[in-house]
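Participant: Got a structure here, written out as structure tokens. Questions coming.
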Amino acid sequence: MKVGVIGAGSFGTALAQTIAQNVDEVYLYLRRKNLADSINATGINSEYYPNTKLLDNIIATTDLNDLAECKVIFLSLPSSVFRLILPDLKDVVRKDTILVTTAKGIEYPSLKTMGNIVEEYFDDGYVALSGPNFASEIALNLPTVCNIASKNEQNALIVKDVLSTKQFKVKIIDDVIGLEICGIIKNINAIANGICEGMNVNENARYGVLTKGFYDTINIIESIGGKPSTAHEYCGFGDLVLTSTSFESRNHTLGMLYGQRLIIDEKASGVVFEGKNSIMAIKDICDNNNIDSIIVNFVYDVIVNHAPPKIAFRELWENIE
């Protein structure tokens with residue numbers, strides 16, 4: 001079997017390393033020819049994993065046509081550029097190719113998940129992947145677990161076989177909507193808890209905020225047609241806790257910076273914070289569905305309205321119960 005991975009960033013490269021244990025060839029697509037040539041010559045992605053040797057059956061390419069015979073293609077791109085590749089990809093892939101989305105983001109102002117965008121160009125048989133996963137640990141073949149979901153059961157089973165190793169565990173769930181929304185809301189919870197930590201809010205309160213964020217996640221999922229039980233899965237509770245408490249989490253770091261009244265220039269740093277792009281979309285979803293989430297309101301006030309964190313937290317705490 002041949003499998004494609006679009007995006008040679010930290011997560012795409014880590015996935016390619018995992019998938020390569022199960023299939024004949026993995027085509028790792030990226031735009032920069034110099035990096036592709038370097039990967040093929042040295043077996044190392046020097047920009048993301050300079051100390052990790054990639055498996056020999058990973059082939060870097062800048063030509064989408066090399067993915068034409070791939071049975072499965074993973075889309076490992078930031079949500080901000082996710083849509084851009086799909087028109088060109090549609091002209092290349094076979095009708096039975098299975099697309100897998102890994103981006104935990106939402107398009108604004110359309111409020112479309114990455115799966116919704118895939119449906120504009122392909123059918124609804126895509127597979128969505130999400131879980132408490134740091135790319136750096138996957139690349140090192142450390143124990144990892146995730147959820148996948150699809151409206152096409154057979155597609156989900158094929159993707160599970162492609163991904164599963166002794167160290168990388170995959171659980172299929174029957175809730176595409178809930179899985180994708182969990183991956184979006186967890187970023188907002190991570191920012192909320194980062195803000196609190198940046199302000200030196202005491203631990204009792206911080207974990208109260210984390211618990212409230214979990215309940216708000218369940219409420220939001222259910223209101224838009226997902227299953228409340230999905231919030232209890234690896235893609236829900238597991239990812240929420242990981243992203244909200246780990247210093248490796250970019251959105252937790254973003255929240256800490258705002259809590260300290262420090263604003264990072266994302267364009268200058270090159271660091272992408274999916275949660276910053278998601279907060280306006282989730283706020284719209286809450287407003288459209290008459291959901292009053294004090295966690296969403298708190299993050300929106302600090303990140304979008306630039307409210308002083310202490311004032312925003314005071315209002316949050318007055319409404320928590």
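Every chain in the structure tokens takes a letter, A first, then B, and so on in the order presented; its residues are numbered from 1, and the ligands are numbered from 1 following the presented order.
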Could I get the residues of region 244-264 of chain A with an atom no further than 8 Å from an atom of region 185-196 of chain A, each paired with its nearest atom pair and that distance in Å to one decimal, using only C-alpha atoms, sorted by chain and residue number, as JSON lines?

Facilitator:
```
{"residue": "A:Ser244", "atom": "CA", "partner": "A:Ala190", "partner_atom": "CA", "distance": 3.8}
{"residue": "A:Thr245", "atom": "CA", "partner": "A:Ala190", "partner_atom": "CA", "distance": 7.2}
{"residue": "A:Ser249", "atom": "CA", "partner": "A:Ala190", "partner_atom": "CA", "distance": 7.8}
{"residue": "A:Asn251", "atom": "CA", "partner": "A:Ile191", "partner_atom": "CA", "distance": 5.3}
{"residue": "A:His252", "atom": "CA", "partner": "A:Gly194", "partner_atom": "CA", "distance": 4.5}
{"residue": "A:Thr253", "atom": "CA", "partner": "A:Gly194", "partner_atom": "CA", "distance": 6.1}
{"residue": "A:Leu254", "atom": "CA", "partner": "A:Ile191", "partner_atom": "CA", "distance": 6.3}
{"residue": "A:Gly255", "atom": "CA", "partner": "A:Gly194", "partner_atom": "CA", "distance": 4.0}
{"residue": "A:Met256", "atom": "CA", "partner": "A:Gly194", "partner_atom": "CA", "distance": 4.3}
{"residue": "A:Leu257", "atom": "CA", "partner": "A:Ile195", "partner_atom": "CA", "distance": 7.2}
{"residue": "A:Tyr258", "atom": "CA", "partner": "A:Ile195", "partner_atom": "CA", "distance": 6.0}
{"residue": "A:Gly259", "atom": "CA", "partner": "A:Ile195", "partner_atom": "CA", "distance": 4.1}
{"residue": "A:Gln260", "atom": "CA", "partner": "A:Ile195", "partner_atom": "CA", "distance": 7.6}
```

Participant: Looking only at the backbone, which of the residues in region 55-126 of chain A does DSSP tag as alpha helix (DSSP H), as a ChimeraX atom specification?

Facilitator: /A:82-90,114-121

Participant: Rank nothing, just name the residue among A:Glu321, A:Ala312, A:Leu129, A:Ala68 nearest to Tyr215 (chain A), using only C-alpha atoms.

Facilitator: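 Smallest separation from Tyr215 (chain A) among the options: A:Glu321.
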
Participant: Using only C-alpha atoms, find the one residue out of A:Cys146, A:Leu242, A:Leu30, A:Val159 that sits nearest to Leu67 (chain A).

Facilitator: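 Nearest candidate to Leu67 (chain A) out of A:Cys146, A:Leu242, A:Leu30, A:Val159: A:Leu30.
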
Participant: Taking into account only C-alpha atoms, which residue in the set A:Leu163, A:Val201, A:Leu35, A:Ile106 is nearest to Ile138 (chain A)?

Facilitator: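 Of the candidates, the smallest distance to Ile138 (chain A) is held by A:Leu163.
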
Participant: Would you list the contacts of Asn22 (chain A) as an MDAnalysis selection string, taking every protein, DNA or RNA residue within 9 Å and counting only C-alpha atoms, but skipping same-chain residues closer than 5 positions in sequence?

Facilitator: chainID A and resid 1 161:165

Participant: Could you dump the residues just selected with N, CA and C atoms as a CSV table (one decimal), in the first residue's frame?

Facilitator:
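Result saved to result13.csv:
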```
chain,number,residue,atom,x,y,z
A,1,MET,N,0.8,-1.2,0.0
A,1,MET,CA,0.0,0.0,0.0
A,1,MET,C,0.9,1.3,0.0
A,161,ASP,N,-5.9,0.5,10.5
A,161,ASP,CA,-4.9,-0.5,10.2
A,161,ASP,C,-3.6,0.2,9.7
A,162,VAL,N,-3.7,1.3,9.0
A,162,VAL,CA,-2.6,2.1,8.5
A,162,VAL,C,-1.8,2.7,9.7
A,163,LEU,N,-2.5,3.1,10.7
A,163,LEU,CA,-1.9,3.9,11.8
A,163,LEU,C,-1.4,3.0,12.9
A,164,SER,N,-2.1,1.9,13.2
A,164,SER,CA,-1.9,1.2,14.5
A,164,SER,C,-0.5,0.5,14.5
A,165,THR,N,0.2,0.7,15.6
A,165,THR,CA,1.4,-0.1,15.9
A,165,THR,C,1.3,-0.5,17.3
```

Participant: Within 6 Å of region 167-172 of chain A, counting only C-alpha atoms, which residues qualify if same-chain residues fewer than 5 places away don't, as a list in words?

Facilitator: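 With the cut-off at 6 Å, the set is Pro143, Thr144, Val145, Cys146, Asn147, Ile148 and Ala149 of chain A.
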
Participant: Could you turn the residues from that selection into a file that holds C-alpha atoms, as an mmCIF file, in the first residue's frame?

Facilitator:
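As written to disk, again.cif reads:
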```cif
data_model
loop_
_atom_site.group_PDB
_atom_site.id
_atom_site.type_symbol
_atom_site.label_atom_id
_atom_site.label_comp_id
_atom_site.auth_asym_id
_atom_site.auth_seq_id
_atom_site.Cartn_x
_atom_site.Cartn_y
_atom_site.Cartn_z
ATOM 1 C CA PRO A 143 3.111 5.283 23.639
ATOM 2 C CA THR A 144 0.276 7.305 22.096
ATOM 3 C CA VAL A 145 -3.477 6.917 21.642
ATOM 4 C CA CYS A 146 -6.018 8.748 19.482
ATOM 5 C CA ASN A 147 -9.576 8.579 18.213
ATOM 6 C CA ILE A 148 -10.738 8.492 14.604
ATOM 7 C CA ALA A 149 -14.258 8.898 13.256
#
```

Participant: Please provide as number ranges by chain all residues within 10 Å of Leu54 (chain A), with the sequence filter that same-chain residues fewer than 6 positions apart are discarded (counting only C-alpha atoms).

Facilitator: A: 13-14, 16-18, 20, 39-40, 42-45, 139

Participant: Could you write out, as a list of chain:residue names, all the residues of region 82-124 of chain A that DSSP marks as strand (DSSP E)?

Facilitator: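 After running DSSP on the backbone, region 82-124 of chain A has strand (DSSP E) at A:Ile98, A:Leu99, A:Val100, A:Thr101.
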
Participant: What is the CA of Pro132 (chain A) to CA of Gly238 (chain A) distance in Å?

Facilitator: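 Rounded to one decimal, the two atoms are 5.4 Å apart.
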
Participant: Would you mind listing what lies within 12 Å of Asn116 (chain A) as a PDB file with N, CA and C atoms, in the first residue's frame, with only C-alpha atoms counted and same-chain residues fewer than 4 positions away left out?

Facilitator:
```pdb
ATOM      1  N   SER A  79      -5.075  24.813   9.929  1.00  0.00           N
ATOM      2  CA  SER A  79      -6.414  25.119   9.426  1.00  0.00           C
ATOM      3  C   SER A  79      -6.428  26.375   8.560  1.00  0.00           C
ATOM      4  N   PHE A  82      -5.572  25.100   5.084  1.00  0.00           N
ATOM      5  CA  PHE A  82      -6.117  23.779   4.777  1.00  0.00           C
ATOM      6  C   PHE A  82      -6.838  23.754   3.430  1.00  0.00           C
ATOM      7  N   ARG A  83      -7.690  24.749   3.182  1.00  0.00           N
ATOM      8  CA  ARG A  83      -8.511  24.771   1.982  1.00  0.00           C
ATOM      9  C   ARG A  83      -7.678  24.885   0.695  1.00  0.00           C
ATOM     10  N   THR A 101      -8.276  13.980   7.959  1.00  0.00           N
ATOM     11  CA  THR A 101      -7.983  15.318   8.469  1.00  0.00           C
ATOM     12  C   THR A 101      -7.362  15.207   9.860  1.00  0.00           C
ATOM     13  N   GLY A 105      -8.822  22.757  13.976  1.00  0.00           N
ATOM     14  CA  GLY A 105      -9.173  24.158  13.787  1.00  0.00           C
ATOM     15  C   GLY A 105     -10.503  24.288  13.079  1.00  0.00           C
ATOM     16  N   ILE A 106     -10.920  25.521  12.879  1.00  0.00           N
ATOM     17  CA  ILE A 106     -12.200  25.811  12.242  1.00  0.00           C
ATOM     18  C   ILE A 106     -12.040  27.059  11.383  1.00  0.00           C
ATOM     19  N   GLU A 107     -12.708  27.060  10.250  1.00  0.00           N
ATOM     20  CA  GLU A 107     -12.611  28.189   9.331  1.00  0.00           C
ATOM     21  C   GLU A 107     -13.536  29.314   9.790  1.00  0.00           C
ATOM     22  N   SER A 110     -16.857  31.174   8.100  1.00  0.00           N
ATOM     23  CA  SER A 110     -17.802  30.162   7.608  1.00  0.00           C
ATOM     24  C   SER A 110     -18.246  29.196   8.698  1.00  0.00           C
ATOM     25  N   LEU A 111     -17.450  29.067   9.778  1.00  0.00           N
ATOM     26  CA  LEU A 111     -17.700  28.129  10.878  1.00  0.00           C
ATOM     27  C   LEU A 111     -17.655  26.679  10.405  1.00  0.00           C
ATOM     28  N   LYS A 112     -16.887  26.398   9.353  1.00  0.00           N
ATOM     29  CA  LYS A 112     -16.762  25.036   8.838  1.00  0.00           C
ATOM     30  C   LYS A 112     -15.548  24.354   9.460  1.00  0.00           C
ATOM     31  N   GLU A 120     -16.699  19.818   0.556  1.00  0.00           N
ATOM     32  CA  GLU A 120     -16.949  20.719  -0.567  1.00  0.00           C
ATOM     33  C   GLU A 120     -16.300  20.206  -1.851  1.00  0.00           C
ATOM     34  N   TYR A 121     -15.203  19.467  -1.709  1.00  0.00           N
ATOM     35  CA  TYR A 121     -14.434  19.023  -2.869  1.00  0.00           C
ATOM     36  C   TYR A 121     -14.529  17.511  -3.100  1.00  0.00           C
ATOM     37  N   PHE A 122     -14.826  16.763  -2.042  1.00  0.00           N
ATOM     38  CA  PHE A 122     -14.901  15.307  -2.118  1.00  0.00           C
ATOM     39  C   PHE A 122     -16.228  14.861  -1.493  1.00  0.00           C
ATOM     40  N   ASP A 123     -16.360  13.583  -1.166  1.00  0.00           N
ATOM     41  CA  ASP A 123     -17.595  13.132  -0.525  1.00  0.00           C
ATOM     42  C   ASP A 123     -17.450  13.216   0.995  1.00  0.00           C
ATOM     43  N   ASP A 124     -18.410  12.629   1.715  1.00  0.00           N
ATOM     44  CA  ASP A 124     -18.394  12.742   3.183  1.00  0.00           C
ATOM     45  C   ASP A 124     -17.759  11.526   3.849  1.00  0.00           C
ATOM     46  N   GLY A 125     -16.983  10.753   3.081  1.00  0.00           N
ATOM     47  CA  GLY A 125     -16.370   9.559   3.640  1.00  0.00           C
ATOM     48  C   GLY A 125     -14.999   9.782   4.246  1.00  0.00           C
ATOM     49  N   TYR A 126     -14.637  11.039   4.471  1.00  0.00           N
ATOM     50  CA  TYR A 126     -13.328  11.331   5.072  1.00  0.00           C
ATOM     51  C   TYR A 126     -13.257  10.786   6.499  1.00  0.00           C
ATOM     52  N   VAL A 127     -12.045  10.678   7.004  1.00  0.00           N
ATOM     53  CA  VAL A 127     -11.806  10.242   8.375  1.00  0.00           C
ATOM     54  C   VAL A 127     -11.181  11.399   9.142  1.00  0.00           C
ATOM     55  N   ALA A 128     -11.677  11.665  10.342  1.00  0.00           N
ATOM     56  CA  ALA A 128     -11.120  12.717  11.197  1.00  0.00           C
ATOM     57  C   ALA A 128     -10.325  12.066  12.327  1.00  0.00           C
ATOM     58  N   VAL A 176     -18.316  12.028  14.200  1.00  0.00           N
ATOM     59  CA  VAL A 176     -17.384  12.911  13.493  1.00  0.00           C
ATOM     60  C   VAL A 176     -17.506  14.336  14.017  1.00  0.00           C
ATOM     61  N   ILE A 177     -18.737  14.807  14.194  1.00  0.00           N
ATOM     62  CA  ILE A 177     -18.963  16.187  14.655  1.00  0.00           C
ATOM     63  C   ILE A 177     -18.308  16.413  16.012  1.00  0.00           C
ATOM     64  N   GLU A 180     -14.387  16.424  15.946  1.00  0.00           N
ATOM     65  CA  GLU A 180     -13.783  17.638  15.391  1.00  0.00           C
ATOM     66  C   GLU A 180     -13.978  18.836  16.312  1.00  0.00           C
ATOM     67  N   ILE A 181     -15.144  18.946  16.913  1.00  0.00           N
ATOM     68  CA  ILE A 181     -15.408  20.082  17.801  1.00  0.00           C
ATOM     69  C   ILE A 181     -14.554  20.001  19.068  1.00  0.00           C
TER      70      ILE A 181
END
```

Participant: Could you check how far CA of Ile85 (chain A) sits from CA of Pro50 (chain A), in Å to one decimal?

Facilitator: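 Rounded to one decimal, the two atoms are 26.8 Å apart.
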
Participant: Find the residue from A:Ile58, A:Leu86, A:Ser46, A:Ala41 that sits nearest to Val23 (chain A); use only C-alpha atoms when measuring.

Facilitator: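 Smallest distance to Val23 (chain A) is found for A:Ile58.
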
Participant: Taking a cut-off of 9 Å and counting only C-alpha atoms, can you build a table that, for each residue of region 289-308 of chain A near region 220-237 of chain A, reports the nearest atom pair and how far apart they are in Å (one decimal), sorted by chain then residue number, as JSON lines?

Facilitator:
```
{"residue": "A:Asn289", "atom": "CA", "partner": "A:Ser223", "partner_atom": "CA", "distance": 6.8}
{"residue": "A:Ile291", "atom": "CA", "partner": "A:Ile220", "partner_atom": "CA", "distance": 7.3}
{"residue": "A:Ser293", "atom": "CA", "partner": "A:Ile220", "partner_atom": "CA", "distance": 8.5}
```

Participant: Save the residues we just selected, C-alpha atoms, as a short mmCIF file (atom, residue, chain, number, x, y, z; two decimals), in the first residue's frame?

Facilitator:
```cif
data_model
loop_
_atom_site.label_atom_id
_atom_site.label_comp_id
_atom_site.auth_asym_id
_atom_site.auth_seq_id
_atom_site.Cartn_x
_atom_site.Cartn_y
_atom_site.Cartn_z
CA ASN A 289 -27.14 28.21 19.71
CA ILE A 291 -25.13 28.85 24.80
CA SER A 293 -20.19 29.54 28.12
#
```
